[in-house]
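Colleague: Below is the file target.tsv, with TSV, C-alpha atoms.
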chain	number	residue	atom	x	y	z
A	27	MET	CA	21.03	125.84	-13.27
A	28	HIS	CA	17.43	125.43	-14.57
A	29	LYS	CA	18.89	124.96	-18.07
A	30	TYR	CA	20.38	121.66	-16.85
A	31	ASN	CA	17.26	120.28	-15.17
A	32	GLU	CA	16.46	118.25	-18.29
A	33	LEU	CA	20.00	116.83	-18.20
A	34	LEU	CA	19.50	115.80	-14.57
A	35	ASP	CA	16.11	114.23	-15.40
A	36	ASN	CA	17.74	112.19	-18.18
A	37	PHE	CA	20.61	111.28	-15.85
A	38	VAL	CA	18.16	109.89	-13.29
A	39	THR	CA	16.11	107.97	-15.86
A	40	GLN	CA	19.17	106.37	-17.45
A	41	SER	CA	20.89	105.65	-14.11
A	42	ARG	CA	17.79	103.78	-12.98
A	43	ALA	CA	17.76	101.80	-16.23
A	44	VAL	CA	21.43	100.75	-15.90
A	45	LEU	CA	21.73	100.25	-12.14
A	46	GLU	CA	18.18	98.95	-11.56
A	47	ASN	CA	17.52	97.74	-7.98
A	48	ASN	CA	21.13	98.41	-6.96
A	49	LEU	CA	20.54	102.18	-7.03
A	50	VAL	CA	19.95	103.80	-3.62
A	51	GLY	CA	19.99	107.45	-4.68
A	52	ILE	CA	21.48	110.27	-6.74
A	53	TYR	CA	22.62	113.42	-4.95
A	54	LEU	CA	23.67	116.87	-6.18
A	55	HIS	CA	26.35	118.89	-4.38
A	56	GLY	CA	28.78	121.72	-5.20
A	57	SER	CA	28.03	125.11	-6.73
A	58	ALA	CA	24.72	123.93	-8.24
A	59	VAL	CA	23.18	123.67	-4.75
A	60	MET	CA	25.09	126.56	-3.16
A	61	GLY	CA	23.83	129.41	-5.32
A	62	CYS	CA	27.07	130.16	-7.17
A	63	PHE	CA	26.74	128.01	-10.29
A	64	ASN	CA	28.43	129.52	-13.36
A	65	PRO	CA	28.04	127.50	-16.59
A	66	LYS	CA	31.50	128.63	-17.80
A	67	LYS	CA	33.32	127.73	-14.57
A	68	SER	CA	31.23	125.09	-12.77
A	69	ASP	CA	30.63	121.41	-13.22
A	70	ILE	CA	27.59	119.36	-12.24
A	71	ASP	CA	28.69	117.47	-9.13
A	72	LEU	CA	26.93	114.19	-8.38
A	73	ILE	CA	27.26	111.33	-5.91
A	74	ILE	CA	25.55	108.07	-6.84
A	75	VAL	CA	24.97	105.57	-4.05
A	76	VAL	CA	24.53	101.84	-4.70
A	77	LYS	CA	23.86	98.86	-2.41
A	78	ASN	CA	26.29	96.31	-3.85
A	79	ASP	CA	29.34	95.88	-6.10
A	80	ILE	CA	28.98	96.79	-9.78
A	81	SER	CA	30.33	94.55	-12.53
A	82	ASN	CA	32.73	95.97	-15.12
A	83	LYS	CA	30.08	95.34	-17.77
A	84	CYS	CA	27.62	97.50	-15.83
A	85	LYS	CA	30.30	100.17	-15.30
A	86	SER	CA	30.93	100.26	-19.07
A	87	GLN	CA	27.22	100.75	-19.76
A	88	TYR	CA	27.10	103.48	-17.15
A	89	MET	CA	30.17	105.26	-18.53
A	90	ASP	CA	28.80	105.18	-22.08
A	91	MET	CA	25.63	106.83	-20.78
A	92	VAL	CA	27.56	109.48	-18.80
A	93	VAL	CA	29.87	110.36	-21.72
A	94	GLU	CA	26.85	110.79	-23.99
A	95	LEU	CA	24.99	113.01	-21.47
A	96	ASN	CA	28.18	114.96	-20.79
A	97	LYS	CA	27.92	116.43	-24.32
A	98	ASN	CA	25.01	118.57	-23.06
A	99	ALA	CA	26.66	119.52	-19.76
A	100	PRO	CA	28.28	122.89	-18.90
A	101	ALA	CA	31.86	123.56	-19.99
A	102	LYS	CA	33.45	121.69	-17.07
A	103	GLY	CA	31.11	118.75	-17.56
A	104	ILE	CA	29.65	116.22	-15.18
A	105	GLU	CA	31.76	115.07	-12.24
A	106	LEU	CA	30.56	112.03	-10.36
A	107	SER	CA	31.55	109.27	-8.01
A	108	ILE	CA	29.67	106.04	-7.36
A	109	VAL	CA	29.97	104.82	-3.76
A	110	LYS	CA	28.49	101.99	-1.76
A	111	GLU	CA	25.89	102.74	0.88
A	112	SER	CA	28.04	100.95	3.47
A	113	VAL	CA	30.72	103.71	3.35
A	114	CYS	CA	28.23	106.59	3.76
A	115	ASN	CA	26.98	105.92	7.28
A	116	PRO	CA	29.02	105.60	9.36
A	117	PHE	CA	31.30	107.63	7.09
A	118	VAL	CA	34.52	105.90	6.02
A	119	TYR	CA	37.68	107.99	5.41
A	120	PRO	CA	39.56	107.96	3.06
A	121	THR	CA	36.38	107.03	1.22
A	122	PRO	CA	36.26	104.02	-1.11
A	123	PHE	CA	34.58	104.60	-4.47
A	124	GLU	CA	33.43	102.16	-7.15
A	125	LEU	CA	33.71	104.44	-10.20
A	126	HIS	CA	34.61	108.06	-10.87
A	127	PHE	CA	34.26	110.36	-13.87
A	128	SER	CA	35.23	113.91	-14.73
A	129	ILE	CA	36.20	115.45	-18.07
A	130	ALA	CA	39.85	115.20	-16.98
A	131	HIS	CA	39.45	111.44	-17.54
A	132	LEU	CA	37.37	111.56	-20.72
A	133	ASN	CA	40.30	110.86	-23.04
A	134	TRP	CA	41.42	107.86	-20.98
A	135	TYR	CA	37.94	106.33	-21.14
A	136	GLN	CA	37.58	106.98	-24.87
A	137	THR	CA	41.00	105.52	-25.73
A	138	ASN	CA	40.98	102.53	-23.35
A	139	PRO	CA	37.50	101.91	-21.87
A	140	GLU	CA	38.30	98.43	-20.54
A	141	GLU	CA	41.35	99.63	-18.62
A	142	TYR	CA	39.38	102.62	-17.32
A	143	VAL	CA	36.51	100.64	-15.80
A	144	ASP	CA	38.95	98.10	-14.37
A	145	LYS	CA	41.24	100.67	-12.72
A	146	MET	CA	38.98	103.62	-11.88
A	147	LYS	CA	38.25	102.58	-8.31
A	148	GLY	CA	40.00	103.08	-4.99
A	149	THR	CA	39.79	105.72	-2.26
A	150	ASP	CA	39.40	109.47	-2.58
A	151	LYS	CA	40.01	111.99	0.21
A	152	ASP	CA	38.01	114.62	-1.72
A	153	LEU	CA	34.83	112.69	-1.00
A	154	ALA	CA	34.88	113.89	2.63
A	155	ALA	CA	34.49	117.47	1.36
A	156	HIS	CA	31.78	116.45	-1.13
A	157	PHE	CA	29.85	114.50	1.50
A	158	THR	CA	30.06	117.42	3.96
A	159	ILE	CA	28.54	119.84	1.43
A	160	LEU	CA	25.97	117.20	0.51
A	161	TYR	CA	24.99	116.57	4.14
A	162	HIS	CA	24.54	120.26	4.97
A	163	ARG	CA	23.49	121.83	1.67
A	164	GLY	CA	22.97	119.09	-0.92
A	165	LYS	CA	19.91	117.99	-2.85
A	166	CYS	CA	18.50	114.51	-3.40
A	167	VAL	CA	17.52	114.26	-7.08
A	168	TYR	CA	16.40	110.63	-6.80
A	169	GLY	CA	16.03	107.98	-4.09
A	170	ARG	CA	16.30	107.97	-0.33
A	171	SER	CA	16.78	111.24	1.56
A	172	ILE	CA	20.26	112.58	2.32
A	173	ARG	CA	19.94	112.17	6.10
A	174	GLU	CA	18.75	108.57	5.66
A	175	VAL	CA	21.79	107.60	3.57
A	176	PHE	CA	24.67	109.82	4.77
A	177	GLY	CA	26.19	110.17	8.22
A	178	GLU	CA	27.91	113.37	9.28
A	179	VAL	CA	31.59	113.76	8.36
A	180	SER	CA	33.81	114.60	11.36
A	181	LYS	CA	35.51	118.01	11.47
A	182	GLU	CA	38.89	116.24	11.44
A	183	ASP	CA	38.11	114.33	8.23
A	184	TYR	CA	36.62	117.39	6.53
A	185	LEU	CA	39.61	119.56	7.42
A	186	ASP	CA	42.05	116.89	6.24
A	187	SER	CA	40.15	116.63	2.96
A	188	ILE	CA	40.08	120.36	2.25
A	189	TRP	CA	43.68	120.78	3.42
A	190	ASN	CA	44.65	118.13	0.87
A	191	ASP	CA	43.21	120.42	-1.81
A	192	ILE	CA	45.25	123.51	-0.81
A	193	ALA	CA	48.46	122.06	0.68
A	194	GLU	CA	50.49	123.02	-2.44
A	195	ALA	CA	48.79	126.42	-2.82
A	196	SER	CA	52.06	128.43	-2.75
A	197	GLU	CA	53.19	126.69	-5.97
A	198	GLU	CA	49.80	126.12	-7.62
A	199	ILE	CA	48.38	129.63	-7.14
A	200	VAL	CA	50.39	131.09	-10.05
A	201	ASP	CA	48.85	128.74	-12.65
A	202	ASN	CA	45.39	128.43	-11.09
A	203	SER	CA	44.99	131.70	-9.22
A	204	MET	CA	41.19	132.17	-9.23
A	205	TYR	CA	40.50	128.69	-7.88
A	206	ILE	CA	43.24	128.79	-5.22
A	207	ILE	CA	42.50	132.37	-4.02
A	208	LEU	CA	38.83	131.55	-3.40
A	209	ASN	CA	39.50	128.06	-2.11
A	210	LEU	CA	41.91	129.38	0.54
A	211	CYS	CA	39.16	131.77	1.71
A	212	ARG	CA	36.70	128.88	1.84
A	213	VAL	CA	39.03	126.74	3.95
A	214	LEU	CA	39.84	129.55	6.39
A	215	ALA	CA	36.12	130.40	6.71
A	216	TYR	CA	35.56	126.84	7.88
A	217	LYS	CA	38.59	126.79	10.17
A	218	GLN	CA	37.72	130.10	11.86
A	219	ASP	CA	33.92	130.26	11.71
A	220	GLY	CA	32.74	126.72	10.87
A	221	LEU	CA	31.20	127.92	7.58
A	222	ILE	CA	30.65	125.49	4.70
A	223	CYS	CA	30.97	127.77	1.65
A	224	CYS	CA	31.15	127.66	-2.11
A	225	LYS	CA	34.03	129.53	-3.75
A	226	ALA	CA	32.08	132.77	-4.20
A	227	GLU	CA	30.83	132.72	-0.60
A	228	GLY	CA	34.40	132.07	0.57
A	229	GLY	CA	35.62	135.11	-1.37
A	230	ASN	CA	32.88	137.31	0.11
A	231	TRP	CA	33.83	136.10	3.60
A	232	GLY	CA	37.48	136.94	2.84
A	233	MET	CA	36.51	140.50	1.88
A	234	LYS	CA	35.01	140.99	5.35
A	235	MET	CA	37.56	139.08	7.42
A	236	LEU	CA	40.99	139.35	5.78
A	237	PRO	CA	43.50	142.24	5.81
A	238	GLU	CA	42.67	144.99	3.32
A	239	LYS	CA	45.94	144.47	1.41
A	240	TYR	CA	44.47	141.20	0.01
A	241	HIS	CA	41.06	142.60	-0.97
A	242	ARG	CA	42.01	143.55	-4.53
A	243	ILE	CA	43.19	140.07	-5.51
A	244	ILE	CA	40.07	138.53	-3.93
A	245	VAL	CA	37.82	140.97	-5.82
A	246	GLU	CA	39.64	140.11	-9.06
A	247	ALA	CA	39.24	136.37	-8.38
A	248	LEU	CA	35.50	136.87	-7.73
A	249	LYS	CA	35.20	138.81	-11.01
A	250	GLU	CA	37.03	136.09	-12.88
A	251	TYR	CA	34.72	133.49	-11.33
A	252	SER	CA	31.49	135.34	-12.13
A	253	GLU	CA	32.30	137.42	-15.21
A	254	ASP	CA	35.40	135.82	-16.77
A	255	ILE	CA	37.49	138.99	-16.26
A	256	PRO	CA	41.07	137.72	-15.78
A	257	SER	CA	42.97	138.76	-12.65
A	258	LYS	CA	45.96	141.12	-13.03
A	259	ALA	CA	47.64	140.01	-9.78
A	260	GLU	CA	51.44	139.73	-9.87
A	261	GLU	CA	53.17	136.44	-9.08
A	262	TRP	CA	54.75	137.84	-5.89
A	263	GLU	CA	51.34	139.06	-4.63
A	264	LEU	CA	49.76	135.67	-5.22
A	265	LYS	CA	52.56	133.82	-3.44
A	266	GLU	CA	52.52	136.22	-0.49
A	267	TYR	CA	48.73	135.81	-0.16
A	268	ALA	CA	48.99	132.00	-0.36
A	269	GLU	CA	51.70	131.89	2.31
A	270	TYR	CA	49.70	134.22	4.60
A	271	MET	CA	46.55	132.10	4.19
A	272	LEU	CA	48.36	128.78	4.72
A	273	GLY	CA	49.87	130.25	7.89
A	274	GLN	CA	46.40	131.27	9.11
A	275	ILE	CA	44.93	127.88	8.28
A	276	GLY	CA	47.86	126.22	10.04
Would you mind giving the structure from this file in structure tokens?

Modeller:
Amino acid sequence: MHKYNELLDNFVTQSRAVLENNLVGIYLHGSAVMGCFNPKKSDIDLIIVVKNDISNKCKSQYMDMVVELNKNAPAKGIELSIVKESVCNPFVYPTPFELHFSIAHLNWYQTNPEEYVDKMKGTDKDLAAHFTILYHRGKCVYGRSIREVFGEVSKEDYLDSIWNDIAEASEEIVDNSMYIILNLCRVLAYKQDGLICCKAEGGNWGMKMLPEKYHRIIVEALKEYSEDIPSKAEEWELKEYAEYMLGQIG
């Protein structure tokens, strides 16, 4: 991750310039703080907290800055959400956000920036998972400390958020096997043992805790995650694993 420290420094400097006194803090979560960052597979996950509403003009300035900095980001880019301090503590679920960006939305912003800044707001259930990782394992890169700004997310909200991510696993696992295999391990590790894991940690937990018949596909998913070696798992194996895991998660 050290390679991206300069990117984070620039991100902080430019965020302060655009958001000025409205900026409460900038917080890093995800694989970058959990010891399993892989430049080919990981994004840089950020939550930006502000005091008050942001105008569309300010959002446009911010997005221009983010898109420019994103050119120097890892393959999956920067992923961020801007939220108001008032929804962080006590935590509000589903969580309102003021602006969101990931490379999945880059084309929309570049082709219709005005529509993007006008419409890219709402609520996002994923934020409960992001805030949980942030609260327990995150890093403040600028501003007030994590425990000052964020309240704890309830187990119910966290589970609902991560369930939302894997509910369609039986269908999605064929096209996105590495992500779903490891994510299912991560969710079950939380459900059974209360562990807040990254994908690689979830896979390692699965190797210790799951039936041996599933070890090979977990090992292959871990290799794909860390070394880009594609899995050879058959469709029927993937579906059987997904159905077993969903049954265990309940």

Colleague: Is there a way to get, as a PyMOL selection string, all residues within 12 Å of the point (47.2, 121.6, -0.5) in file coordinates, counting all atoms listed in the file?

Modeller: chain A and resi 152+185-199+206+209-210+213+268-269+271-272+275-276

Colleague: Could you give me, as a PyMOL selection string, the residues that sit within 7 Å of (34.2, 113.1, -17.5) in the file's coordinates, counting all atoms listed in the file?

Modeller: chain A and resi 93+103-105+127-132

Colleague: At a cut-off of 10 Å, can you tabulate as JSON lines every residue of stretch 66-94 of chain A near stretch 167-171 of chain A together with its closest atom pair and the distance in Å to one decimal, using only C-alpha atoms and ordering rows by chain then number?

Modeller:
{"residue": "A:Leu72", "atom": "CA", "partner": "A:Val167", "partner_atom": "CA", "distance": 9.5}
{"residue": "A:Ile74", "atom": "CA", "partner": "A:Tyr168", "partner_atom": "CA", "distance": 9.5}
{"residue": "A:Val75", "atom": "CA", "partner": "A:Gly169", "partner_atom": "CA", "distance": 9.3}

Colleague: How would the residues just chosen look if you wrote them out with C-alpha atoms as a PDB file, in the coordinates of the input?

Modeller:
ATOM      1  CA  LEU A  72      26.930 114.190  -8.380  1.00  0.00           C
ATOM      2  CA  ILE A  74      25.550 108.070  -6.840  1.00  0.00           C
ATOM      3  CA  VAL A  75      24.970 105.570  -4.050  1.00  0.00           C
TER       4      VAL A  75
END

Colleague: Rank nothing, just name the residue among A:Val200, A:Glu141, A:Leu153, A:Phe123 nearest to A:Val179, using all atoms listed in the file.

Modeller: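 Of A:Val200, A:Glu141, A:Leu153, A:Phe123, the one nearest A:Val179, counting all atoms listed in the file, is A:Leu153.
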
Colleague: What's the 8 Å shell around stretch 176-178 of chain A, counting all atoms listed in the file, without same-chain residues fewer than 3 positions away, as a list in words?

Modeller: Cys114, Asn115, Pro116, Phe117, Phe157, Thr158, Tyr161, Ile172 and Arg173 of chain A

Colleague: Neighbouring residues of A:Pro139 were defined as those with any atom within 10 Å, considering only C-alpha atoms; residues of the same chain fewer than 6 positions away were excluded. Please report them as an MDAnalysis selection string.

Modeller: chainID A and resid 85:86 89:90 132:133 145

Colleague: For A:Tyr205, which of A:Met235, A:Leu264, A:Leu160, A:Ala101 is the closest residue, counting all atoms listed in the file?

Modeller: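 Of all the options, A:Leu264 lies closest to A:Tyr205.
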
Colleague: Of the candidates A:Lys77, A:Arg242, A:Lys66, A:Lys258, which shows the shortest atom-to-atom distance to A:Ser112, using all atoms listed in the file?

Modeller: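 Answer, going by the shortest atom-to-atom distance: A:Lys77.
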
Colleague: Please determine, counting all atoms listed in the file, which residue among A:Lys83, A:Arg212, A:Lys67, A:His126 has the shortest atom-to-atom distance to A:Ser252.

Modeller: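 Answer, going by the shortest atom-to-atom distance: A:Lys67.
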
Colleague: Atom CA of A:Asn48 to atom CA of A:Val109: how many Å, to one decimal?

Modeller: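 One can read the atom CA of A:Asn48 to atom CA of A:Val109 distance as 11.4 Å.
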
Colleague: Distance atom CA of A:Asp35-atom CA of A:Gln136, one decimal place?

Modeller: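 It comes out at 24.6 Å.
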
Colleague: Go ahead and compute the interatomic distance for atom CA of A:Glu246 and atom CA of A:Ser203, in Å to one decimal.

Modeller: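 Between these atoms lies a distance of 10.0 Å.
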